[in-house]
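File shown: model26.tsv (TSV, C-alpha atoms).
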chain	number	residue	atom	x	y	z
A	287	MET	CA	81.32	81.39	111.14
A	288	GLY	CA	83.86	83.64	109.48
A	289	MET	CA	87.62	83.23	109.56
A	290	LEU	CA	88.01	86.56	111.36
A	291	ASP	CA	85.04	86.52	113.72
A	292	GLY	CA	85.68	88.71	116.75
A	293	LYS	CA	88.81	90.28	115.24
A	294	VAL	CA	89.49	93.99	114.77
A	295	ALA	CA	91.45	94.90	111.65
A	296	LEU	CA	93.19	98.21	111.04
A	297	ILE	CA	94.00	98.88	107.38
A	298	THR	CA	95.83	101.98	106.15
A	299	GLY	CA	95.04	103.52	102.78
A	300	ALA	CA	91.87	101.48	102.42
A	301	SER	CA	89.49	103.83	100.60
A	302	LYS	CA	90.18	102.13	97.27
A	303	GLY	CA	92.29	99.57	95.43
A	304	ILE	CA	94.02	96.73	97.26
A	305	GLY	CA	93.32	98.24	100.68
A	306	LYS	CA	89.59	98.42	100.00
A	307	ALA	CA	89.54	94.86	98.65
A	308	ILE	CA	91.24	93.65	101.83
A	309	ALA	CA	88.81	95.56	104.03
A	310	LEU	CA	85.80	94.13	102.17
A	311	LEU	CA	87.08	90.55	102.38
A	312	PHE	CA	87.98	90.88	106.06
A	313	ALA	CA	84.51	92.30	106.81
A	314	SER	CA	82.88	89.43	104.89
A	315	GLU	CA	84.81	87.03	107.15
A	316	GLY	CA	83.54	88.62	110.35
A	317	ALA	CA	86.09	91.31	111.21
A	318	ASP	CA	85.32	94.76	112.55
A	319	ILE	CA	87.09	97.29	110.35
A	320	ALA	CA	88.99	100.47	111.18
A	321	PHE	CA	90.58	102.06	108.16
A	322	THR	CA	92.54	105.20	107.49
A	323	ASP	CA	93.12	107.45	104.52
A	324	ILE	CA	93.86	111.05	103.66
A	325	ALA	CA	90.14	111.51	102.98
A	326	VAL	CA	87.18	109.33	103.93
A	327	ASN	CA	85.41	107.53	101.10
A	328	GLU	CA	81.79	107.29	102.26
A	329	GLU	CA	81.00	104.73	99.55
A	330	THR	CA	83.64	102.42	101.02
A	331	VAL	CA	82.18	102.92	104.50
A	332	SER	CA	78.70	102.01	103.24
A	333	GLU	CA	79.95	98.89	101.46
A	334	LEU	CA	81.74	97.71	104.58
A	335	GLU	CA	78.78	98.41	106.85
A	336	SER	CA	76.60	96.16	104.68
A	337	PHE	CA	78.30	93.13	106.28
A	338	GLY	CA	76.83	94.06	109.66
A	339	HIS	CA	80.04	94.60	111.60
A	340	ARG	CA	81.50	97.71	113.21
A	341	VAL	CA	83.16	100.04	110.73
A	342	ARG	CA	84.88	103.34	111.33
A	343	ALA	CA	86.97	105.48	108.99
A	344	TYR	CA	89.70	107.78	110.27
A	345	VAL	CA	91.19	110.70	108.36
A	346	SER	CA	94.91	110.38	108.95
A	347	ASN	CA	98.19	111.11	107.22
A	348	ALA	CA	99.96	107.79	107.75
A	349	ALA	CA	103.33	109.43	107.09
A	350	ASP	CA	102.92	111.67	110.15
A	351	PHE	CA	104.23	109.99	113.30
A	352	SER	CA	102.13	111.93	115.81
A	353	GLN	CA	98.94	111.64	113.77
A	354	SER	CA	99.46	107.90	113.41
A	355	GLN	CA	99.97	107.47	117.15
A	356	GLN	CA	96.85	109.48	117.93
A	357	THR	CA	94.82	107.55	115.35
A	358	VAL	CA	95.82	104.18	116.79
A	359	GLU	CA	94.99	105.40	120.30
A	360	ARG	CA	91.51	106.41	119.08
A	361	ILE	CA	90.99	103.06	117.34
A	362	ALA	CA	92.07	101.10	120.40
A	363	ALA	CA	89.66	103.15	122.52
A	364	ASP	CA	86.81	102.84	120.00
A	365	PHE	CA	87.16	99.10	119.35
A	366	GLY	CA	88.81	97.85	122.55
A	367	ARG	CA	91.55	95.92	120.74
A	368	ILE	CA	93.50	95.66	117.47
A	369	ASP	CA	94.20	92.16	116.17
A	370	ILE	CA	95.35	92.84	112.61
A	371	LEU	CA	97.34	95.69	111.06
A	372	VAL	CA	97.68	95.96	107.30
A	373	ASN	CA	100.25	98.56	106.27
A	374	ASN	CA	98.89	99.29	102.82
A	375	ALA	CA	99.27	103.06	102.34
A	376	GLY	CA	101.39	103.74	99.27
A	377	ILE	CA	102.15	106.07	96.37
A	378	THR	CA	104.45	106.18	93.35
A	379	ARG	CA	106.57	109.05	92.02
A	380	ASP	CA	108.45	107.33	89.20
A	381	ALA	CA	111.57	108.67	87.52
A	382	LEU	CA	114.96	107.39	86.46
A	383	LEU	CA	117.40	107.64	89.35
A	384	LEU	CA	119.57	110.16	87.50
A	385	ARG	CA	116.57	112.47	87.11
A	386	MET	CA	114.80	111.80	90.39
A	387	GLU	CA	114.16	114.83	92.56
A	388	GLU	CA	114.65	114.76	96.31
A	389	GLU	CA	110.93	115.47	96.77
A	390	GLN	CA	110.05	112.35	94.76
A	391	TRP	CA	112.33	110.22	96.91
A	392	ASP	CA	111.15	111.67	100.21
A	393	ALA	CA	107.44	111.50	99.36
A	394	VAL	CA	107.54	107.81	98.46
A	395	LEU	CA	109.72	106.77	101.41
A	396	ASP	CA	107.53	108.74	103.82
A	397	VAL	CA	104.20	107.35	102.62
A	398	ASN	CA	105.28	103.80	101.82
A	399	LEU	CA	107.87	103.02	104.49
A	400	LYS	CA	107.71	105.57	107.28
A	401	SER	CA	103.94	105.11	107.53
A	402	ALA	CA	104.44	101.40	108.19
A	403	PHE	CA	106.93	102.20	110.94
A	404	ASN	CA	104.51	104.75	112.39
A	405	PHE	CA	101.56	102.38	112.60
A	406	THR	CA	103.58	99.33	113.61
A	407	HIS	CA	105.24	101.33	116.38
A	408	ALA	CA	101.82	102.52	117.56
A	409	VAL	CA	100.03	99.13	117.56
A	410	LEU	CA	102.79	97.08	119.18
A	411	PRO	CA	101.91	98.12	122.76
A	412	VAL	CA	98.26	97.19	122.11
A	413	MET	CA	99.13	93.82	120.60
A	414	SER	CA	101.75	93.15	123.28
A	415	LYS	CA	99.12	93.49	126.01
A	416	GLN	CA	96.89	91.10	124.07
A	417	ARG	CA	99.82	88.69	123.54
A	418	CYS	CA	98.72	88.27	119.94
A	419	GLY	CA	98.47	90.09	116.62
A	420	SER	CA	99.16	89.83	112.93
A	421	ILE	CA	100.95	92.59	111.02
A	422	ILE	CA	100.92	92.53	107.22
A	423	ASN	CA	103.12	94.85	105.16
A	424	MET	CA	102.17	95.40	101.53
A	425	SER	CA	105.49	95.12	99.72
A	426	SER	CA	106.05	94.35	96.01
A	427	VAL	CA	108.07	92.08	93.77
A	428	VAL	CA	110.12	95.16	92.82
A	429	GLY	CA	111.12	95.38	96.49
A	430	LYS	CA	112.99	92.12	95.96
A	431	HIS	CA	114.85	92.87	92.74
A	432	GLY	CA	114.36	96.58	91.90
A	433	ASN	CA	112.85	98.14	88.81
A	434	ALA	CA	114.13	100.76	86.39
A	435	GLY	CA	112.47	104.10	87.02
A	436	GLN	CA	111.36	103.12	90.52
A	437	ALA	CA	114.38	103.47	92.79
A	438	ASN	CA	112.29	105.18	95.45
A	439	TYR	CA	109.36	102.76	95.24
A	440	SER	CA	111.61	99.68	95.14
A	441	ALA	CA	113.65	100.90	98.10
A	442	SER	CA	110.50	101.58	100.13
A	443	LYS	CA	109.08	98.14	99.37
A	444	ALA	CA	112.40	96.45	100.23
A	445	GLY	CA	112.33	98.34	103.51
A	446	LEU	CA	108.89	96.95	104.28
A	447	ILE	CA	110.26	93.42	103.98
A	448	ALA	CA	113.11	94.13	106.40
A	449	LEU	CA	110.71	95.89	108.76
A	450	ALA	CA	108.35	92.90	108.84
A	451	GLN	CA	111.17	90.40	109.35
A	452	THR	CA	112.68	92.44	112.17
A	453	THR	CA	109.27	92.87	113.80
A	454	ALA	CA	108.73	89.11	113.57
A	455	LYS	CA	112.03	88.43	115.35
A	456	GLU	CA	111.54	91.04	118.05
A	457	MET	CA	107.86	90.50	118.77
A	458	GLY	CA	107.50	86.75	118.29
A	459	PRO	CA	107.89	86.11	122.04
A	460	ARG	CA	104.80	88.30	122.52
A	461	GLY	CA	102.76	86.19	120.12
A	462	ILE	CA	102.87	88.83	117.37
A	463	ARG	CA	103.43	87.72	113.79
A	464	ALA	CA	104.63	89.95	110.94
A	465	ASN	CA	104.71	89.10	107.24
A	466	CYS	CA	104.80	90.70	103.80
A	467	ILE	CA	102.81	90.29	100.63
A	468	ALA	CA	104.70	91.04	97.41
A	469	PRO	CA	102.17	91.70	94.65
A	470	GLY	CA	103.27	91.73	91.05
A	471	PHE	CA	101.39	93.48	88.26
A	472	ILE	CA	98.00	94.20	89.83
A	473	ILE	CA	95.18	95.91	87.94
A	474	SER	CA	94.64	99.15	89.86
A	475	ASP	CA	94.56	102.94	89.56
A	476	MET	CA	98.36	102.92	89.53
A	477	THR	CA	98.60	100.53	86.58
A	478	ALA	CA	95.68	102.22	84.81
A	479	ALA	CA	97.88	105.31	84.48
A	480	MET	CA	100.33	103.33	82.30
A	481	SER	CA	100.12	103.33	78.53
A	482	ASP	CA	98.62	100.31	76.76
A	483	GLU	CA	102.07	99.42	75.42
A	484	VAL	CA	103.66	99.46	78.86
A	485	ARG	CA	100.87	97.33	80.32
A	486	ALA	CA	101.16	94.85	77.42
A	487	ALA	CA	104.92	94.61	77.98
A	488	TRP	CA	104.39	93.81	81.65
A	489	VAL	CA	101.81	91.12	80.89
A	490	LYS	CA	104.28	89.38	78.58
A	491	THR	CA	106.61	88.87	81.56
A	492	ILE	CA	103.90	87.06	83.56
A	493	PRO	CA	103.61	83.29	83.03
A	494	LEU	CA	99.86	83.44	83.77
A	495	ARG	CA	99.64	86.08	81.00
A	496	ARG	CA	97.42	88.49	82.91
A	497	GLY	CA	97.51	91.03	85.66
A	498	GLY	CA	96.26	90.14	89.09
A	499	THR	CA	93.29	91.69	90.85
A	500	PRO	CA	93.08	93.45	94.22
A	501	GLU	CA	90.74	90.67	95.33
A	502	GLU	CA	93.43	88.06	94.67
A	503	VAL	CA	95.88	89.99	96.85
A	504	ALA	CA	93.19	90.27	99.52
A	505	LYS	CA	92.91	86.47	99.69
A	506	VAL	CA	96.60	86.24	100.61
A	507	ALA	CA	96.06	88.91	103.27
A	508	LEU	CA	93.16	86.88	104.67
A	509	PHE	CA	95.43	83.85	105.02
A	510	LEU	CA	98.05	85.89	106.88
A	511	ALA	CA	95.46	87.58	109.09
A	512	SER	CA	93.71	84.35	110.06
A	513	ASP	CA	94.66	81.41	112.24
A	514	LEU	CA	95.42	79.42	109.09
A	515	SER	CA	98.86	81.08	109.21
A	516	SER	CA	99.35	80.76	112.98
A	517	TYR	CA	102.94	79.50	112.53
A	518	VAL	CA	103.85	81.76	109.60
A	519	SER	CA	105.94	84.80	110.53
A	520	GLY	CA	108.80	86.77	108.98
A	521	GLN	CA	107.86	85.62	105.49
A	522	VAL	CA	107.29	87.23	102.09
A	523	ILE	CA	104.50	85.72	100.02
A	524	ASN	CA	104.47	86.59	96.33
A	525	CYS	CA	101.16	87.22	94.58
A	526	CYS	CA	102.48	87.72	91.09
A	527	GLY	CA	101.36	85.01	88.64
A	528	ALA	CA	104.91	83.52	88.73
A	529	MET	CA	106.57	86.64	87.29
A	530	ASP	CA	109.08	86.50	90.15
A	531	CYS	CA	110.24	82.93	90.46
Kindly present the structure from the file in structure tokens form.
Amino acid sequence: MGMLDGKVALITGASKGIGKAIALLFASEGADIAFTDIAVNEETVSELESFGHRVRAYVSNAADFSQSQQTVERIAADFGRIDILVNNAGITRDALLLRMEEEQWDAVLDVNLKSAFNFTHAVLPVMSKQRCGSIINMSSVVGKHGNAGQANYSASKAGLIALAQTTAKEMGPRGIRANCIAPGFIISDMTAAMSDEVRAAWVKTIPLRRGGTPEEVAKVALFLASDLSSYVSGQVINCCGAMDC
């Protein structure tokens, strides 16, 4: 028996990184998986199918409201229900605020924050009819206290916290929970693009003296998606090795 047996999970931006790790863990715990991305990663599809549950990938621009609505309608028709939504799609376009271009601001807010609104807005009618559902927004510790060179990213991640908390208040009477995960320094494609010196400087700020892994973030997502967190809603759970405490 898996912790998510009989559940259908929708994960945005799940072809790689944290999103893929969440999809793999959810599938290993019995969930059927629907995931979206700008392009389908067939390797990810094959890995997920190896667990023996239903898997379907959808090409979708999460920042596009109409596309997101249509994608959710297709998923609901294909799977019959949606129990879990993980708003994971995200990008960075770092620059000091004084030098940040409008395009950099708009791109990050659209992909990171508007996409979460788009998919949350689309799944709420489905979850409302079911009288249950768990929504998980992938925020960040920099969404709680900001970070130099990441005004756009920090603002988008702060917005995800407020979105989850508002959703929790509005939709609680329908049995729908909404929470956030705030990862810290996680080893990923994003952090791989940093210089060795920058990565070393980050690690020094972490009491556990290492970066986290996508799999460690996925374990927090599993808790929030499962019945273990049945009375947890409107919360932000750090996964940061104590760098933000």
Between atom CA of Val489 of chain A and atom CA of Asn373 of chain A, measure the distance and give it in Å to one decimal. 26.5 Å
Which one of A:Ala317, A:Ala349, A:Ile297, A:Val522 sits closest to Asn374 of chain A if you count all atoms listed in the file? A:Ile297
Find the axis-aligned box for segment 345-351 of chain A, covering all its listed atoms and adding 8 Å on each side, and write its centre and edge lengths in Å to one decimal as lines of an AutoDock Vina configuration file.
center_x = 97.7
center_y = 109.7
center_z = 110.2
size_x = 29.0
size_y = 19.9
size_z = 22.2
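The closest residue to Ile308 of chain A, picked from A:Val372, A:Met386, A:Thr357, A:Asn347 and counting all atoms listed in the file, is A:Val372.
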With only C-alpha atoms as the atoms that count, which of A:Val326, A:Ala307, A:Ala320, A:Ala295 lies nearest to Ile370 of chain A?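 Between A:Val326, A:Ala307, A:Ala320, A:Ala295, the residue approaching Ile370 of chain A most closely is A:Ala295.
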Among the residues A:Asn423, A:Gln390, A:Ser336, A:Ile324, the one that comes closest to Thr406 of chain A [using all atoms listed in the file]: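 The closest residue to Thr406 of chain A is A:Asn423.
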Can you tell me, as JSON, numbers by chain, which residues sit within 7 Å of (110.2, 101.7, 103.9) in the file's frame, using all atoms listed in the file? {"A": [395, 398, 399, 400, 441, 442, 443, 444, 445, 446]}
Just checking: using all atoms listed in the file, which residue out of A:Val358, A:Ile377, A:Ile447, A:Val503 ends up closest to Pro411 of chain A?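 Using all atoms listed in the file, Pro411 of chain A sits closest to A:Val358.
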May I ask which of the residues A:Ser401, A:Leu410, A:Phe471, A:Arg463 is the closest one to Ala487 of chain A, counting all atoms listed in the file?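 Among the listed residues, the smallest separation from Ala487 of chain A belongs to A:Phe471.
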Expected answer as a list in words: all residues with atoms within 10 Å of (87.4, 86.5, 110.2), only C-alpha atoms: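 The answer, in the requested form, is Met287, Gly288, Met289, Leu290, Asp291, Gly292, Lys293, Val294, Ala295, Leu311, Phe312, Ala313, Ser314, Glu315, Gly316, Ala317, Asp318, Leu508, Phe509, Ala511, Ser512 and Asp513 of chain A.
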Put those residues in a file: C-alpha atoms, as a PDB file, in the frame of the given file.
ATOM      1  CA  MET A 287      81.320  81.390 111.140  1.00  0.00           C
ATOM      2  CA  GLY A 288      83.860  83.640 109.480  1.00  0.00           C
ATOM      3  CA  MET A 289      87.620  83.230 109.560  1.00  0.00           C
ATOM      4  CA  LEU A 290      88.010  86.560 111.360  1.00  0.00           C
ATOM      5  CA  ASP A 291      85.040  86.520 113.720  1.00  0.00           C
ATOM      6  CA  GLY A 292      85.680  88.710 116.750  1.00  0.00           C
ATOM      7  CA  LYS A 293      88.810  90.280 115.240  1.00  0.00           C
ATOM      8  CA  VAL A 294      89.490  93.990 114.770  1.00  0.00           C
ATOM      9  CA  ALA A 295      91.450  94.900 111.650  1.00  0.00           C
ATOM     10  CA  LEU A 311      87.080  90.550 102.380  1.00  0.00           C
ATOM     11  CA  PHE A 312      87.980  90.880 106.060  1.00  0.00           C
ATOM     12  CA  ALA A 313      84.510  92.300 106.810  1.00  0.00           C
ATOM     13  CA  SER A 314      82.880  89.430 104.890  1.00  0.00           C
ATOM     14  CA  GLU A 315      84.810  87.030 107.150  1.00  0.00           C
ATOM     15  CA  GLY A 316      83.540  88.620 110.350  1.00  0.00           C
ATOM     16  CA  ALA A 317      86.090  91.310 111.210  1.00  0.00           C
ATOM     17  CA  ASP A 318      85.320  94.760 112.550  1.00  0.00           C
ATOM     18  CA  LEU A 508      93.160  86.880 104.670  1.00  0.00           C
ATOM     19  CA  PHE A 509      95.430  83.850 105.020  1.00  0.00           C
ATOM     20  CA  ALA A 511      95.460  87.580 109.090  1.00  0.00           C
ATOM     21  CA  SER A 512      93.710  84.350 110.060  1.00  0.00           C
ATOM     22  CA  ASP A 513      94.660  81.410 112.240  1.00  0.00           C
TER      23      ASP A 513
END
Polymer residues at most 12 Å from Lys415 of chain A, only C-alpha atoms, same-chain spacing of 3 or more positions, as a list of chain:residue names: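 Contacts, with the query itself left out: A:Ala362, A:Gly366, A:Arg367, A:Ile368, A:Asp369, A:Val409, A:Leu410, A:Pro411, A:Val412, A:Cys418, A:Gly419, A:Met457, A:Arg460, A:Gly461, A:Ile462.
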